[in-house]
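**Q** Compact mmCIF, C-alpha atoms, file query14.txt:
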```txt
# COMPACT_ATOMS: atom_id res chain seq x y z
CA ARG N 1 -36.20 -39.48 74.70
CA ALA N 2 -39.98 -39.73 74.73
CA VAL N 3 -39.98 -42.70 72.35
CA VAL N 4 -37.28 -44.46 74.38
CA ALA N 5 -39.35 -43.77 77.54
CA GLY N 6 -42.27 -45.60 75.94
CA VAL N 7 -44.84 -42.93 75.08
CA ASP N 8 -47.78 -44.09 72.96
CA SER N 9 -47.58 -41.20 70.50
CA ILE N 10 -45.64 -38.19 69.36
CA GLU N 11 -47.71 -35.15 68.38
CA HIS N 12 -46.36 -32.87 65.64
CA GLY N 13 -43.01 -34.63 65.15
CA THR N 14 -41.98 -31.77 62.88
CA LEU N 15 -38.27 -31.86 63.73
CA MET N 16 -37.80 -35.62 64.06
CA ASN N 17 -35.17 -37.33 61.95
CA GLU N 18 -34.88 -40.75 60.32
CA GLU N 19 -33.28 -42.24 63.44
CA VAL N 20 -36.33 -41.26 65.49
CA MET N 21 -38.61 -42.68 62.79
CA ARG N 22 -36.75 -46.02 62.91
CA LEU N 23 -37.07 -46.06 66.70
CA MET N 24 -40.80 -45.23 66.49
CA LYS N 25 -41.32 -48.18 64.13
CA LYS N 26 -39.36 -50.48 66.44
CA LYS N 27 -41.28 -49.37 69.55
CA GLY N 28 -44.69 -49.10 67.82
CA THR N 29 -44.99 -45.40 68.63
CA TRP N 30 -47.70 -43.52 66.74
CA LEU N 31 -47.22 -40.16 65.00
CA VAL N 32 -50.08 -37.66 65.19
CA PRO N 33 -48.73 -35.17 62.64
CA THR N 34 -51.02 -32.11 63.08
CA ILE N 35 -49.86 -30.69 59.74
CA SER N 36 -52.78 -28.25 59.76
CA ALA N 37 -51.36 -26.46 62.81
CA GLY N 38 -48.05 -25.92 61.03
CA MET N 39 -49.70 -24.81 57.82
CA TYR N 40 -51.92 -22.37 59.72
CA VAL N 41 -49.00 -20.65 61.44
CA ALA N 42 -47.09 -20.58 58.15
CA ASP N 43 -50.05 -18.79 56.53
CA LYS N 44 -50.32 -16.37 59.46
CA ALA N 45 -46.60 -15.58 59.15
CA LYS N 46 -47.50 -13.83 55.88
CA VAL N 47 -49.79 -11.43 57.76
CA GLU N 48 -47.89 -8.30 58.79
CA GLY N 49 -47.87 -7.96 62.57
CA PHE N 50 -49.55 -11.29 63.35
CA PHE N 51 -46.29 -12.65 64.80
CA SER N 52 -43.35 -10.72 66.14
CA GLU N 53 -40.42 -10.40 63.75
CA LEU N 54 -38.51 -12.80 65.99
CA VAL N 55 -41.15 -15.55 65.62
CA ARG N 56 -42.18 -14.89 62.02
CA PRO N 57 -39.37 -16.81 60.21
CA LYS N 58 -39.90 -19.97 62.30
CA ALA N 59 -43.66 -19.78 61.81
CA ALA N 60 -43.17 -19.42 58.04
CA ALA N 61 -40.90 -22.48 57.89
CA ILE N 62 -42.85 -24.79 60.20
CA GLY N 63 -45.78 -25.62 57.87
CA PRO N 64 -43.76 -26.91 54.93
CA MET N 65 -41.38 -28.63 57.36
CA SER N 66 -44.24 -30.44 59.15
CA LYS N 67 -45.63 -31.64 55.85
CA ALA N 68 -42.23 -32.85 54.62
CA THR N 69 -41.48 -34.68 57.89
CA PHE N 70 -44.91 -36.33 57.77
CA ALA N 71 -44.20 -37.49 54.21
CA LYS N 72 -40.91 -39.11 55.31
CA ALA N 73 -42.51 -40.71 58.36
CA TYR N 74 -45.40 -42.10 56.32
CA GLU N 75 -43.06 -43.41 53.63
CA SER N 76 -40.85 -45.05 56.25
CA GLY N 77 -43.80 -46.94 57.78
CA VAL N 78 -44.36 -45.05 61.05
CA LYS N 79 -47.89 -45.65 62.36
CA ILE N 80 -50.05 -42.56 61.74
CA ALA N 81 -53.14 -41.42 63.64
CA PHE N 82 -55.12 -38.36 62.60
CA GLY N 83 -55.01 -35.22 64.74
CA THR N 84 -55.24 -31.51 64.04
CA ASP N 85 -54.26 -29.53 67.14
CA THR N 86 -57.42 -27.55 66.49
CA GLY N 87 -57.34 -24.44 68.55
CA VAL N 88 -54.29 -23.37 66.56
CA PRO N 89 -56.34 -23.31 63.35
CA PRO N 90 -59.99 -22.41 63.96
CA HIS N 91 -62.55 -25.07 64.84
CA GLY N 92 -64.38 -26.31 61.77
CA GLU N 93 -61.26 -26.49 59.62
CA ASN N 94 -60.09 -29.85 60.96
CA TRP N 95 -60.88 -31.44 57.59
CA ARG N 96 -57.88 -29.66 56.04
CA GLU N 97 -55.62 -32.21 57.76
CA PHE N 98 -56.92 -34.83 55.30
CA VAL N 99 -55.93 -32.61 52.37
CA TYR N 100 -52.44 -31.99 53.76
CA MET N 101 -51.89 -35.70 54.44
CA VAL N 102 -52.97 -36.65 50.92
CA ASP N 103 -50.90 -33.82 49.39
CA ALA N 104 -47.89 -35.23 51.27
CA GLY N 105 -48.33 -38.68 49.73
CA MET N 106 -50.77 -40.63 51.89
CA PRO N 107 -53.57 -42.20 49.84
CA ALA N 108 -57.03 -40.80 50.67
CA VAL N 109 -58.26 -44.15 51.99
CA GLU N 110 -55.34 -44.34 54.41
CA SER N 111 -56.04 -40.81 55.68
CA LEU N 112 -59.60 -41.93 56.47
CA VAL N 113 -58.27 -45.00 58.31
CA ALA N 114 -55.88 -42.71 60.25
CA ALA N 115 -58.90 -40.68 61.43
CA THR N 116 -61.05 -43.67 62.34
CA LYS N 117 -59.50 -47.04 63.12
CA SER N 118 -55.96 -45.80 63.82
CA ALA N 119 -57.09 -42.95 66.08
CA ALA N 120 -59.35 -45.34 68.01
CA LEU N 121 -56.51 -47.86 68.38
CA LEU N 122 -54.17 -45.16 69.69
CA LEU N 123 -56.79 -44.03 72.20
CA GLY N 124 -57.40 -47.60 73.34
CA ALA N 125 -61.05 -47.25 72.32
CA TYR N 126 -61.31 -49.50 69.28
CA ASP N 127 -63.85 -51.66 71.10
CA GLN N 128 -66.25 -48.67 70.92
CA LEU N 129 -65.00 -46.45 68.06
CA GLY N 130 -63.19 -46.47 64.75
CA SER N 131 -65.39 -48.72 62.63
CA ILE N 132 -69.05 -49.33 61.89
CA GLU N 133 -69.90 -52.55 63.71
CA ALA N 134 -72.69 -53.88 65.91
CA GLY N 135 -72.12 -52.87 69.52
CA LYS N 136 -70.05 -49.78 68.73
CA PHE N 137 -71.18 -46.17 68.88
CA ALA N 138 -73.03 -45.27 65.70
CA ASP N 139 -70.98 -42.14 64.99
CA ILE N 140 -71.17 -41.68 61.22
CA VAL N 141 -70.60 -38.81 58.80
CA ALA N 142 -71.32 -38.69 55.08
CA PHE N 143 -70.43 -36.37 52.21
CA PRO N 144 -71.95 -35.38 48.86
CA ARG N 145 -69.13 -37.11 46.93
CA SER N 146 -66.59 -39.81 47.58
CA PRO N 147 -63.59 -38.60 49.60
CA LEU N 148 -61.60 -41.26 47.76
CA LEU N 149 -62.04 -39.21 44.58
CA ASP N 150 -61.77 -35.75 46.18
CA ILE N 151 -60.45 -35.61 49.75
CA ALA N 152 -61.39 -31.91 50.02
CA VAL N 153 -65.04 -33.02 50.23
CA MET N 154 -64.29 -33.71 53.91
CA GLY N 155 -65.08 -30.02 54.37
CA GLU N 156 -68.64 -30.59 53.09
CA VAL N 157 -70.30 -32.77 55.73
CA SER N 158 -73.89 -33.51 54.67
CA PHE N 159 -74.88 -36.12 57.27
CA VAL N 160 -73.98 -36.56 60.94
CA MET N 161 -75.10 -39.38 63.23
CA LYS N 162 -73.87 -39.61 66.82
CA GLU N 163 -74.69 -42.62 68.94
CA GLY N 164 -77.50 -43.48 66.50
CA ASP N 165 -79.17 -40.04 66.56
CA ILE N 166 -79.16 -37.97 63.36
CA TYR N 167 -77.93 -34.40 63.91
CA LYS N 168 -77.46 -33.24 60.32
CA LEU N 169 -79.25 -34.38 57.17
CA ASN N 170 -78.69 -33.06 53.64
CA GLY N 171 -76.32 -30.48 55.10
CA ARG N 172 -78.94 -29.03 57.49
CA PRO N 173 -78.83 -29.36 61.28
CA LEU N 174 -81.81 -31.13 62.85
CA MET N 175 -83.43 -29.96 66.06
CA HIS N 176 -83.28 -32.34 69.04
```
What would you get if you wrote out this structure as structure tokens?
**A**
Amino acid sequence: RAVVAGVDSIEHGTLMNEEVMRLMKKKGTWLVPTISAGMYVADKAKVEGFFSELVRPKAAAIGPMSKATFAKAYESGVKIAFGTDTGVPPHGENWREFVYMVDAGMPAVESLVAATKSAALLLGAYDQLGSIEAGKFADIVAFPRSPLLDIAVMGEVSFVMKEGDIYKLNGRPLMH
């Protein structure tokens, strides 16, 4: 119903089927998969007492289901933009979404595009964000190794620049 109504994006999409994926492609609707939220609740379902016994089975199933649905959506050609639903998993673990996307079949380079150009396009902000170009915000991060060779390095940010100001260098925060 949301896709037919013309929404720009579907967040999670865990329970969508192939018919919805075909409709999303036809309408140009983005998927923001938030696999990390599903994986987090699946991990917490293993912790005795974290969820009620009524919720626990669904929480345990949702992580693998979200990853599998993402894999089908990606393979079918649905447009993907990066998102984590952080607040479900703790802040600072957003980078795990890259790992889950790559584990589900998306090449590392495409996961990086999903987090930069695609996310900016979805937000209608590509004139300011999503690529390194003159006239755009100079928001840049760097890592000790290539994420194309090891996507888990996204959890090891060693350099942060925001709007041209350096906030982190060699892994250490700078005072401003």
**Q** Neighbours of range 64-79 of chain N within 9 Å (all atoms listed in the file; same-chain residues fewer than 6 positions away dropped), as an MDAnalysis selection string?
**A** chainID N and resid 12:18 21:22 24:25 28:39 42 100:101 103:106 114 118
**Q** Could you tell me how far CA of Ile80 in chain N lies from CA of Arg56 in chain N, in Å and to one decimal?
**A**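 A separation of 28.8 Å between them.
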**Q** Take CA of Phe137 in chain N and CA of Lys117 in chain N and report the distance between them in Å, one decimal.
**A**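 If I compute the distance from CA of Phe137 in chain N to CA of Lys117 in chain N, I get 13.1 Å.
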**Q** Write out as a short mmCIF file (atom, residue, chain, number, x, y, z; two decimals) with C-alpha atoms, keeping the file's coordinate frame which residues come within 12 Å of Ile140 in chain N when counting only C-alpha atoms, dropping same-chain ones fewer than 6 positions away.
**A**
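Generated output (selection_23.cif):
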```cif
data_model
loop_
_atom_site.label_atom_id
_atom_site.label_comp_id
_atom_site.auth_asym_id
_atom_site.auth_seq_id
_atom_site.Cartn_x
_atom_site.Cartn_y
_atom_site.Cartn_z
CA THR N 116 -61.05 -43.67 62.34
CA LEU N 129 -65.00 -46.45 68.06
CA GLY N 130 -63.19 -46.47 64.75
CA SER N 131 -65.39 -48.72 62.63
CA ILE N 132 -69.05 -49.33 61.89
CA GLU N 133 -69.90 -52.55 63.71
CA VAL N 157 -70.30 -32.77 55.73
CA SER N 158 -73.89 -33.51 54.67
CA PHE N 159 -74.88 -36.12 57.27
CA VAL N 160 -73.98 -36.56 60.94
CA MET N 161 -75.10 -39.38 63.23
CA LYS N 162 -73.87 -39.61 66.82
CA GLU N 163 -74.69 -42.62 68.94
CA GLY N 164 -77.50 -43.48 66.50
CA ASP N 165 -79.17 -40.04 66.56
CA ILE N 166 -79.16 -37.97 63.36
CA TYR N 167 -77.93 -34.40 63.91
CA LYS N 168 -77.46 -33.24 60.32
CA LEU N 169 -79.25 -34.38 57.17
#
```
**Q** For Pro89 in chain N, which residue out of N:Val41, N:Ala60, N:Ala120, N:Leu54 is the nearest one, using only C-alpha atoms?
**A**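 Residue with the minimum atom-to-atom distance to Pro89 in chain N: N:Val41.
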**Q** Please report, as AutoDock Vina command-line options, the centre and edge lengths in Å to one decimal of an axis-aligned box covering all listed atoms of range 154-162 of chain N with 6 Å per side.
**A**
```
--center_x -69.7 --center_y -34.8 --center_z 60.0 --size_x 22.8 --size_y 21.6 --size_z 25.7
```
**Q** Mind pulling up the distance from CA of Ala108 in chain N to CA of Leu148 in chain N?
**A**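 According to the coordinates, CA of Leu148 in chain N and CA of Ala108 in chain N are separated by 5.4 Å.
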**Q** Counting all atoms listed in the file, which residue out of N:Pro90, N:Pro57, N:Gly83, N:Pro173 sits closest to Leu112 in chain N?
**A** N:Gly83
